[in-house]
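Undergrad: To be precise about what I am sending: the file is called work24.json and holds JSON, C-alpha atoms.
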[["chain", "number", "residue", "atom", "x", "y", "z"],
["K", 186, "MET", "CA", 43.07, 63.83, 101.89],
["K", 187, "LYS", "CA", 43.34, 67.49, 100.85],
["K", 188, "PHE", "CA", 39.94, 68.11, 102.41],
["K", 189, "ILE", "CA", 41.08, 66.64, 105.71],
["K", 190, "LEU", "CA", 44.29, 68.71, 105.64],
["K", 191, "ASN", "CA", 42.25, 71.87, 105.08],
["K", 192, "ILE", "CA", 40.04, 71.01, 108.03],
["K", 193, "ILE", "CA", 43.12, 70.48, 110.21],
["K", 194, "LYS", "CA", 44.60, 73.81, 109.04],
["K", 195, "LYS", "CA", 41.36, 75.59, 109.86],
["K", 196, "ILE", "CA", 41.28, 74.02, 113.31],
["K", 197, "ILE", "CA", 44.88, 75.10, 113.93],
["K", 198, "MET", "CA", 44.11, 78.66, 112.76],
["K", 199, "LEU", "CA", 41.04, 78.76, 114.97],
["K", 200, "PHE", "CA", 43.09, 77.57, 117.93],
["K", 201, "LYS", "CA", 45.75, 80.24, 117.30],
["K", 202, "LYS", "CA", 43.14, 83.00, 117.10],
["K", 203, "THR", "CA", 41.45, 81.79, 120.26],
["K", 204, "LYS", "CA", 44.73, 81.63, 122.09],
["K", 205, "LYS", "CA", 45.53, 85.24, 121.30],
["K", 206, "LYS", "CA", 42.25, 86.53, 122.65],
["K", 207, "HIS", "CA", 42.18, 87.36, 126.34],
["K", 208, "VAL", "CA", 38.72, 85.95, 126.89],
["K", 209, "ILE", "CA", 37.58, 85.67, 130.45],
["K", 210, "ASN", "CA", 35.54, 82.67, 131.40],
["K", 211, "ILE", "CA", 33.67, 83.83, 134.44],
["K", 212, "THR", "CA", 31.93, 80.52, 134.99],
["K", 213, "LYS", "CA", 35.21, 79.19, 136.36],
["K", 214, "CYS", "CA", 35.83, 82.11, 138.65],
["K", 215, "GLU", "CA", 35.69, 82.24, 142.39],
["K", 216, "ASP", "CA", 35.75, 85.34, 144.51],
["K", 217, "LYS", "CA", 39.25, 84.67, 145.71],
["K", 218, "GLU", "CA", 40.50, 84.78, 142.13],
["K", 219, "VAL", "CA", 39.25, 88.30, 141.78],
["K", 220, "VAL", "CA", 42.06, 90.17, 140.08],
["K", 221, "GLU", "CA", 43.57, 87.27, 138.19],
["K", 222, "PHE", "CA", 41.74, 88.35, 135.08],
["K", 223, "TYR", "CA", 44.11, 91.11, 134.23],
["K", 224, "ASN", "CA", 47.15, 88.95, 134.57],
["K", 225, "GLU", "CA", 48.81, 89.53, 131.23],
["K", 226, "PHE", "CA", 48.28, 93.25, 131.29],
["K", 227, "ALA", "CA", 51.04, 94.81, 133.37],
["K", 228, "VAL", "CA", 51.58, 98.46, 132.53],
["K", 229, "GLY", "CA", 54.94, 100.19, 132.28],
["K", 230, "LEU", "CA", 57.28, 97.26, 132.89],
["K", 231, "ASN", "CA", 59.97, 99.20, 131.02],
["K", 232, "ASN", "CA", 60.01, 101.80, 133.78],
["K", 233, "ILE", "CA", 61.08, 99.06, 136.19],
["K", 234, "ILE", "CA", 63.56, 97.40, 133.89],
["K", 235, "GLU", "CA", 65.41, 100.51, 132.71],
["I", 213, "MET", "CA", 46.05, 118.12, 143.97],
["I", 214, "ASN", "CA", 48.70, 117.46, 146.56],
["I", 215, "LYS", "CA", 47.65, 114.23, 148.20],
["I", 216, "VAL", "CA", 47.96, 110.52, 147.47],
["I", 217, "VAL", "CA", 45.91, 107.95, 149.36],
["I", 218, "TYR", "CA", 46.64, 104.25, 149.70],
["I", 219, "SER", "CA", 44.18, 101.91, 151.41],
["I", 220, "GLN", "CA", 44.29, 98.47, 152.95],
["I", 221, "TRP", "CA", 41.20, 96.75, 154.36],
["I", 222, "SER", "CA", 42.61, 93.62, 155.99],
["I", 223, "LYS", "CA", 39.46, 91.51, 156.22],
["I", 224, "PRO", "CA", 39.37, 90.37, 152.56],
["I", 225, "ALA", "CA", 43.13, 89.88, 152.30],
["I", 226, "LYS", "CA", 44.03, 86.25, 151.68],
["I", 227, "ASP", "CA", 47.37, 86.80, 153.37],
["I", 228, "GLU", "CA", 49.56, 89.69, 154.37],
["I", 229, "PHE", "CA", 51.28, 89.86, 151.01],
["I", 230, "VAL", "CA", 48.43, 91.61, 149.17],
["I", 231, "GLY", "CA", 48.84, 89.58, 145.98],
["I", 232, "PHE", "CA", 52.64, 89.46, 146.08],
["I", 233, "ASN", "CA", 54.73, 86.32, 146.48],
["I", 234, "SER", "CA", 56.20, 87.32, 149.80],
["I", 235, "LYS", "CA", 56.18, 89.93, 152.50],
["I", 236, "GLU", "CA", 59.52, 91.22, 151.20],
["I", 237, "ALA", "CA", 58.26, 91.56, 147.62],
["I", 238, "PHE", "CA", 55.19, 93.46, 148.81],
["I", 239, "ALA", "CA", 57.26, 95.68, 151.10],
["I", 240, "ASN", "CA", 59.68, 96.52, 148.28],
["I", 241, "CYS", "CA", 56.97, 97.47, 145.80],
["I", 242, "ALA", "CA", 54.93, 99.40, 148.37],
["I", 243, "ARG", "CA", 58.01, 101.30, 149.55],
["I", 244, "LEU", "CA", 59.07, 102.08, 145.97],
["I", 245, "SER", "CA", 55.55, 103.33, 145.21],
["I", 246, "ILE", "CA", 55.32, 105.47, 148.35],
["I", 247, "LEU", "CA", 58.81, 106.95, 148.02],
["I", 248, "ASN", "CA", 58.06, 107.99, 144.45],
["I", 249, "SER", "CA", 54.67, 109.41, 145.43],
["I", 250, "ARG", "CA", 56.39, 111.49, 148.10],
["I", 251, "LYS", "CA", 58.48, 113.12, 145.38],
["I", 252, "TRP", "CA", 55.37, 114.51, 143.71],
["I", 253, "PHE", "CA", 52.92, 114.99, 146.60],
["I", 254, "ASP", "CA", 53.30, 116.53, 150.07],
["I", 255, "LYS", "CA", 50.72, 114.26, 151.65],
["I", 256, "VAL", "CA", 50.90, 110.48, 151.23],
["I", 257, "GLU", "CA", 48.23, 108.96, 153.39],
["I", 258, "LEU", "CA", 47.34, 105.41, 154.39],
["I", 259, "VAL", "CA", 43.73, 104.50, 155.23],
["I", 260, "THR", "CA", 43.58, 101.13, 156.94],
["I", 261, "ASP", "CA", 42.35, 99.16, 159.97],
["I", 262, "GLU", "CA", 44.06, 98.01, 163.18],
["I", 263, "LYS", "CA", 45.51, 94.91, 161.56],
["I", 264, "GLY", "CA", 46.73, 96.91, 158.56],
["I", 265, "TYR", "CA", 48.33, 99.46, 160.88],
["I", 266, "LYS", "CA", 50.27, 96.73, 162.68],
["I", 267, "PHE", "CA", 51.46, 95.27, 159.40],
["I", 268, "LEU", "CA", 52.16, 98.36, 157.29],
["I", 269, "ILE", "CA", 53.32, 100.78, 159.95],
["I", 270, "ASP", "CA", 54.52, 98.84, 163.01],
["I", 271, "ASP", "CA", 56.09, 96.00, 161.06],
["I", 272, "LEU", "CA", 57.08, 97.35, 157.63],
["I", 273, "LYS", "CA", 57.45, 100.98, 158.71],
["I", 274, "LEU", "CA", 56.27, 102.24, 155.33],
["I", 275, "PRO", "CA", 56.96, 105.96, 154.99],
["I", 276, "PHE", "CA", 53.47, 107.48, 154.82],
["I", 277, "THR", "CA", 53.09, 111.07, 155.97],
["I", 278, "ASP", "CA", 49.69, 110.36, 157.59],
["I", 279, "VAL", "CA", 47.69, 107.31, 158.66],
["I", 280, "LYS", "CA", 43.97, 106.96, 159.27],
["I", 281, "VAL", "CA", 42.75, 103.82, 161.06],
["I", 282, "GLU", "CA", 39.16, 103.79, 159.84],
["I", 283, "LEU", "CA", 38.39, 100.58, 158.04],
["I", 284, "ASP", "CA", 37.50, 98.33, 161.00],
["I", 285, "ARG", "CA", 34.05, 99.87, 160.72],
["I", 286, "LEU", "CA", 33.56, 97.90, 157.49],
["I", 287, "ASN", "CA", 34.13, 94.54, 159.13],
["I", 288, "HIS", "CA", 30.39, 93.71, 159.20],
["I", 289, "ILE", "CA", 30.49, 93.62, 155.37],
["I", 290, "PRO", "CA", 31.24, 90.21, 153.77],
["I", 291, "LYS", "CA", 34.85, 90.09, 152.63],
["I", 292, "LYS", "CA", 33.89, 89.17, 149.06],
["I", 293, "ASN", "CA", 33.08, 92.88, 148.61],
["I", 294, "TRP", "CA", 36.76, 93.76, 148.94],
["I", 295, "SER", "CA", 36.71, 97.01, 146.94],
["I", 296, "ILE", "CA", 34.44, 98.76, 149.43],
["I", 297, "GLY", "CA", 37.53, 99.56, 151.54],
["I", 298, "LYS", "CA", 38.97, 101.53, 148.66],
["I", 299, "ILE", "CA", 35.72, 103.41, 148.06],
["I", 300, "TYR", "CA", 35.43, 104.21, 151.76],
["I", 301, "ALA", "CA", 39.00, 105.55, 151.76],
["I", 302, "CYS", "CA", 37.93, 107.90, 148.96],
["I", 303, "LYS", "CA", 34.72, 108.85, 150.77],
["I", 304, "ILE", "CA", 36.49, 110.18, 153.86],
["I", 305, "GLN", "CA", 38.76, 112.55, 151.94],
["I", 306, "ASP", "CA", 38.16, 116.27, 152.33],
["I", 307, "GLU", "CA", 40.55, 117.63, 149.72],
["I", 308, "PRO", "CA", 41.56, 116.71, 146.14],
["I", 309, "PHE", "CA", 43.41, 113.40, 146.07],
["I", 310, "MET", "CA", 44.67, 110.52, 144.02],
["I", 311, "HIS", "CA", 43.95, 107.02, 145.36],
["I", 312, "GLN", "CA", 46.70, 104.71, 144.26],
["I", 313, "ASP", "CA", 47.05, 100.93, 144.50],
["I", 314, "PHE", "CA", 50.21, 99.58, 146.13],
["I", 315, "ASP", "CA", 51.32, 98.11, 142.80],
["I", 316, "VAL", "CA", 51.12, 101.47, 141.04],
["I", 317, "ILE", "CA", 54.27, 103.59, 140.80],
["I", 318, "TRP", "CA", 54.73, 107.08, 139.35],
["I", 319, "PHE", "CA", 58.37, 107.42, 138.35],
["I", 320, "LYS", "CA", 57.58, 110.89, 136.98],
["I", 321, "LYS", "CA", 55.25, 113.58, 138.22],
["I", 322, "PRO", "CA", 51.72, 112.78, 137.01],
["I", 323, "PRO", "CA", 50.69, 115.04, 134.11],
["I", 324, "SER", "CA", 48.80, 118.19, 135.00],
["I", 325, "ARG", "CA", 45.78, 117.15, 132.92],
["I", 326, "ILE", "CA", 45.37, 114.26, 135.41],
["I", 327, "LEU", "CA", 46.16, 116.34, 138.49],
["I", 328, "LYS", "CA", 43.76, 119.12, 137.48],
["I", 329, "ALA", "CA", 40.91, 116.98, 136.14],
["I", 330, "GLN", "CA", 37.49, 116.95, 137.74],
["I", 331, "ALA", "CA", 38.08, 113.19, 137.94],
["I", 332, "ALA", "CA", 40.72, 110.92, 136.40],
["I", 333, "PHE", "CA", 41.51, 107.21, 136.04],
["I", 334, "GLN", "CA", 44.03, 104.89, 134.41],
["I", 335, "ASN", "CA", 41.93, 104.04, 131.36],
["I", 336, "PRO", "CA", 38.40, 103.18, 130.27],
["I", 337, "GLU", "CA", 37.50, 99.49, 130.05],
["I", 338, "LYS", "CA", 35.13, 98.69, 127.22],
["I", 339, "SER", "CA", 36.47, 95.69, 125.36],
["I", 340, "GLU", "CA", 33.96, 92.86, 125.11],
["I", 341, "GLY", "CA", 36.83, 90.38, 124.77],
["I", 342, "VAL", "CA", 38.89, 91.52, 127.74],
["I", 343, "HIS", "CA", 36.22, 92.99, 129.99],
["I", 344, "GLY", "CA", 33.29, 90.81, 129.07],
["I", 345, "PHE", "CA", 33.06, 89.61, 132.65],
["I", 346, "TYR", "CA", 31.00, 92.70, 133.48],
["I", 347, "ARG", "CA", 28.21, 91.47, 131.20],
["I", 348, "SER", "CA", 26.77, 88.74, 133.44],
["I", 349, "ILE", "CA", 26.72, 91.12, 136.41],
["I", 350, "MET", "CA", 25.09, 93.84, 134.32],
["I", 351, "GLN", "CA", 22.52, 91.31, 133.15],
["I", 352, "ASP", "CA", 21.90, 90.11, 136.69],
["I", 353, "ALA", "CA", 21.29, 93.69, 137.88],
["I", 354, "LYS", "CA", 18.51, 94.20, 135.35],
["I", 355, "GLY", "CA", 15.13, 93.69, 136.91],
["I", 356, "LYS", "CA", 16.53, 93.92, 140.42],
["I", 357, "GLU", "CA", 15.88, 96.89, 142.64],
["I", 358, "PHE", "CA", 19.38, 98.19, 143.06],
["I", 359, "GLU", "CA", 19.56, 101.95, 143.49],
["I", 360, "LEU", "CA", 22.49, 102.04, 141.09],
["I", 361, "ASN", "CA", 20.22, 100.93, 138.25],
["I", 362, "LYS", "CA", 18.89, 104.49, 138.08],
["I", 363, "TYR", "CA", 22.35, 105.77, 137.24],
["I", 364, "CYS", "CA", 23.79, 102.95, 135.13],
["I", 365, "ASN", "CA", 23.31, 101.94, 131.54],
["I", 366, "LEU", "CA", 23.18, 98.18, 132.04],
["I", 367, "ASP", "CA", 23.41, 97.52, 128.31],
["I", 368, "LEU", "CA", 26.63, 99.39, 127.66],
["I", 369, "LEU", "CA", 29.95, 97.89, 128.73],
["I", 370, "ARG", "CA", 31.84, 100.87, 130.11],
["I", 371, "ALA", "CA", 34.05, 101.11, 133.19],
["I", 372, "TYR", "CA", 37.20, 102.77, 134.47],
["I", 373, "ASN", "CA", 40.31, 100.94, 135.57],
["I", 374, "CYS", "CA", 40.79, 102.16, 139.13],
["I", 375, "GLY", "CA", 44.54, 101.61, 139.51],
["I", 376, "ILE", "CA", 44.44, 105.34, 140.11],
["I", 377, "ILE", "CA", 41.35, 107.25, 141.19],
["I", 378, "CYS", "CA", 41.70, 111.04, 141.11],
["I", 379, "PHE", "CA", 39.13, 113.55, 142.29],
["I", 380, "ASN", "CA", 39.35, 117.30, 142.41],
["I", 381, "ASP", "CA", 35.57, 117.48, 142.64],
["I", 382, "LEU", "CA", 34.59, 115.34, 145.62],
["I", 383, "SER", "CA", 30.84, 115.89, 145.28],
["I", 384, "ILE", "CA", 30.02, 112.48, 143.88],
["I", 385, "ILE", "CA", 31.95, 110.17, 146.18],
["I", 386, "ASN", "CA", 29.32, 109.82, 148.93],
["I", 387, "LYS", "CA", 26.83, 108.80, 146.26],
["I", 388, "TRP", "CA", 29.28, 106.20, 144.92],
["I", 389, "TYR", "CA", 29.70, 104.73, 148.39],
["I", 390, "ASP", "CA", 25.97, 104.76, 149.20],
["I", 391, "LEU", "CA", 25.08, 103.06, 145.91],
["I", 392, "ALA", "CA", 27.78, 100.46, 146.46],
["I", 393, "ILE", "CA", 26.49, 99.72, 149.97],
["I", 394, "ASP", "CA", 22.93, 99.46, 148.69],
["I", 395, "TYR", "CA", 24.14, 96.99, 146.05],
["I", 396, "ILE", "CA", 26.08, 94.97, 148.62],
["I", 397, "ASN", "CA", 23.07, 94.80, 150.94],
["I", 398, "LYS", "CA", 20.62, 93.74, 148.23],
["I", 399, "ASN", "CA", 22.81, 91.56, 146.05],
["I", 400, "LYS", "CA", 21.99, 87.88, 146.55],
["I", 401, "SER", "CA", 23.86, 86.52, 143.55],
["I", 402, "ASN", "CA", 27.12, 84.66, 143.91],
["I", 403, "LEU", "CA", 28.55, 86.07, 140.70],
["I", 404, "PRO", "CA", 32.27, 86.65, 140.89],
["I", 405, "LEU", "CA", 33.82, 90.06, 140.40],
["I", 406, "VAL", "CA", 30.95, 92.10, 141.83],
["I", 407, "PRO", "CA", 33.52, 94.28, 143.67],
["I", 408, "ILE", "CA", 34.90, 95.34, 140.30],
["I", 409, "PHE", "CA", 31.36, 96.01, 139.12],
["I", 410, "PHE", "CA", 30.38, 98.35, 141.95],
["I", 411, "GLU", "CA", 33.80, 99.96, 141.85],
["I", 412, "GLN", "CA", 34.78, 100.38, 138.20],
["I", 413, "PHE", "CA", 31.48, 100.01, 136.31],
["I", 414, "LEU", "CA", 29.48, 102.05, 138.80],
["I", 415, "ILE", "CA", 31.90, 104.98, 138.96],
["I", 416, "TYR", "CA", 32.03, 105.20, 135.16],
["I", 417, "ASN", "CA", 28.26, 105.39, 134.96],
["I", 418, "LEU", "CA", 27.90, 107.76, 137.88],
["I", 419, "LEU", "CA", 30.40, 110.21, 136.43],
["I", 420, "ASP", "CA", 28.70, 109.96, 133.07],
["I", 421, "TYR", "CA", 25.29, 110.54, 134.69],
["I", 422, "TYR", "CA", 26.52, 113.69, 136.42],
["I", 423, "ASP", "CA", 28.37, 114.84, 133.33],
["I", 424, "PHE", "CA", 31.82, 114.93, 134.88],
["I", 425, "LYS", "CA", 34.78, 115.83, 132.71],
["I", 426, "VAL", "CA", 36.99, 112.80, 133.15],
["I", 427, "GLU", "CA", 40.61, 112.39, 132.10],
["I", 428, "THR", "CA", 42.35, 109.06, 131.60],
["I", 429, "LEU", "CA", 46.01, 108.23, 131.18],
["I", 430, "GLY", "CA", 45.27, 105.92, 128.23],
["I", 431, "LYS", "CA", 42.34, 105.80, 125.82],
["I", 432, "ASP", "CA", 41.66, 102.05, 125.88],
["I", 433, "TRP", "CA", 44.72, 100.86, 127.72],
["I", 434, "VAL", "CA", 48.05, 102.34, 128.77],
["I", 435, "ASP", "CA", 50.52, 101.03, 126.22],
["I", 436, "GLU", "CA", 54.24, 100.83, 126.97],
["I", 437, "LYS", "CA", 55.10, 103.97, 125.02],
["I", 438, "THR", "CA", 52.56, 106.00, 126.98],
["I", 439, "ALA", "CA", 53.59, 104.36, 130.26],
["I", 440, "VAL", "CA", 57.24, 105.27, 129.68],
["I", 441, "LYS", "CA", 56.30, 108.80, 128.62],
["I", 442, "TYR", "CA", 54.44, 109.35, 131.88],
["I", 443, "GLY", "CA", 56.71, 107.21, 134.06],
["I", 444, "TYR", "CA", 53.68, 105.17, 135.08],
["I", 445, "THR", "CA", 53.81, 101.54, 136.15],
["I", 446, "HIS", "CA", 50.97, 99.28, 137.30],
["I", 447, "LEU", "CA", 52.09, 95.75, 138.18],
["I", 448, "ILE", "CA", 48.69, 94.22, 137.72],
["I", 449, "SER", "CA", 48.04, 90.76, 139.14],
["I", 450, "ASP", "CA", 50.49, 88.05, 138.01],
["I", 451, "SER", "CA", 53.10, 90.45, 136.70],
["I", 452, "LYS", "CA", 54.08, 91.45, 140.22],
["I", 453, "ARG", "CA", 54.67, 87.77, 141.11],
["I", 454, "LYS", "CA", 57.21, 87.15, 138.38],
["I", 455, "LYS", "CA", 60.69, 86.62, 139.74],
["I", 456, "HIS", "CA", 62.45, 88.96, 137.33],
["I", 457, "VAL", "CA", 59.95, 91.73, 138.12],
["I", 458, "GLU", "CA", 60.49, 91.25, 141.86],
["I", 459, "GLU", "CA", 64.23, 91.54, 141.33],
["I", 460, "LYS", "CA", 63.91, 94.69, 139.22],
["I", 461, "VAL", "CA", 61.66, 96.30, 141.82],
["I", 462, "ALA", "CA", 64.26, 95.55, 144.51],
["I", 463, "ILE", "CA", 67.05, 97.05, 142.38],
["I", 464, "LYS", "CA", 64.96, 100.10, 141.59],
["I", 465, "LEU", "CA", 64.18, 100.55, 145.29],
["I", 466, "ALA", "CA", 67.86, 100.33, 146.22],
["I", 467, "LYS", "CA", 68.56, 103.15, 143.76],
["I", 468, "THR", "CA", 65.66, 105.21, 145.09],
["I", 469, "LYS", "CA", 66.78, 105.23, 148.71]]
Starting from the file, give its structure as structure tokens.
TA:
Amino acid sequence: MKFILNIIKKIIMLFKKTKKKHVINITKCEDKEVVEFYNEFAVGLNNIIE
Amino acid sequence: MNKVVYSQWSKPAKDEFVGFNSKEAFANCARLSILNSRKWFDKVELVTDEKGYKFLIDDLKLPFTDVKVELDRLNHIPKKNWSIGKIYACKIQDEPFMHQDFDVIWFKKPPSRILKAQAAFQNPEKSEGVHGFYRSIMQDAKGKEFELNKYCNLDLLRAYNCGIICFNDLSIINKWYDLAIDYINKNKSNLPLVPIFFEQFLIYNLLDYYDFKVETLGKDWVDEKTAVKYGYTHLISDSKRKKHVEEKVAIKLAKTK
């Protein structure tokens, strides 16, 4: 039981790590999606908000 | 450096909103960007085509100081090579300039180390995790007879984010354009993102090859602290389509008028 719980914990940790990485999977890309890859990386939002 | 250049090649554009949710959202951001640029530079030029002129000047009446209608001559090039319009806009300049995307805004005067640099960009791109998409294109180029192979290290992931492109030394830009055209003509692969390759990867390698002294706003990225310090904003991709960002841009524009 403990072994299974450890496995589940490891899977959850792995998932969390993977989620944080901004990995780009180019095999799913099309030309029209061109600049979507930077989508979480806006610069200087505070200049707009202030 | 006393000139900013914006460019719009209409052929590759999916719609008239240039990545924004609506015509109004685009117009607001573009106007905010241009009005701020006009605070810091005497010349704020648009390089576009007939369709772009009708949209940006006749319709939106964006306040550029000069307009060049030059980009129809690229219409024989497949639209998937969308960044060639930007490179061409750089190629036809005859004085130091900063090319700026419509979603880039300088709320403060750009620092003199950028304005006086031989060449300058937003930041280098070299993270395997974030910028790994260059790898398959680099790999594909190996063994092919692209002219750019002579100037590029196809094993090293290095590029410049071209949200801003500054040149005081214009000597290399024709070469950049010619190598990009050669690549476009010879490239038979359907790999995505090749326009970013022959724009951002190629210019990094070319400048390195010719030993240019290049300045960047950020070392790996422009973090918020640095962005606020320099008054620099780049609403990359999805960020510009978020409702609260659209609203803030509109409010900021109203205060700028």
Undergrad: Find the residues around region 428-437 of chain I up to 10 Å (all atoms listed in the file counted), leave out those fewer than 3 positions away in its own chain, and share them as a PyMOL selection string.
TA: (chain K and resi 226-232) or (chain I and resi 322-323+325-326+329+331-339+372-373+376-378+440-446)
Undergrad: Would you compute the distance between CA of Glu411 (chain I) and CA of Asn214 (chain I)? Give it in Å to one decimal.
TA: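 Computed distance, CA of Glu411 (chain I) to CA of Asn214 (chain I), equals 23.5 Å.
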Undergrad: Show which residues sit within 12 Å of Asn397 (chain I), as a ChimeraX atom specification. Count all atoms listed in the file, and ignore same-chain residues fewer than 2 positions away.
TA: /I:288-290,293,357-359,390-395,399-401
Undergrad: Just need the residues of chain I within 8 Å of chain K, counting all atoms listed in the file, so spit them out as number ranges by chain.
TA: I: 226, 292, 319, 341-345, 404-405, 434-436, 439-440, 443-451, 457, 460-461, 464
Undergrad: For a quick check of understanding, using all atoms listed in the file, which of I:Phe232, I:Phe314, I:Leu403, I:Ala237 has the smallest distance to Glu459 (chain I)?
TA: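 Of I:Phe232, I:Phe314, I:Leu403, I:Ala237, the one nearest Glu459 (chain I) is I:Ala237, counting all atoms listed in the file.
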Undergrad: Given the point (25.5, 95.2, 126.3) in the file's coordinates, find the residues that have an atom at most 12 Å from it, counting all atoms listed in the file, and give them as number ranges by chain.
TA: I: 338-340, 343-351, 354, 364-370
Undergrad: Identify which of the residues I:Ile299, I:Lys291, I:Ala462, I:Arg243 lies closest to Lys273 (chain I), counting all atoms listed in the file when measuring atom-to-atom distances.
TA: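 Closest to Lys273 (chain I) of all the choices is I:Arg243.
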Undergrad: Can you tell me how far CA of Ile384 (chain I) sits from CA of Tyr422 (chain I), in Å to one decimal?
TA: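 CA of Ile384 (chain I) sits 8.3 Å away from CA of Tyr422 (chain I).
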Undergrad: From the list I:Trp294, I:Phe276, I:Phe238, I:Trp221, which residue is nearest Thr260 (chain I) when using all atoms listed in the file?
TA: I:Trp221
Undergrad: For CA of Ile415 (chain I) and CA of Ala371 (chain I), determine how far apart the two atoms are, in Å to one decimal place.
TA: 7.3 Å
Undergrad: Which residues are near Gly375 (chain I)? Cut-off 7 Å, all atoms listed in the file, ignore same chain within fewer than 5 positions. Put them as a PyMOL selection string.
TA: chain I and resi 312-313+316+334
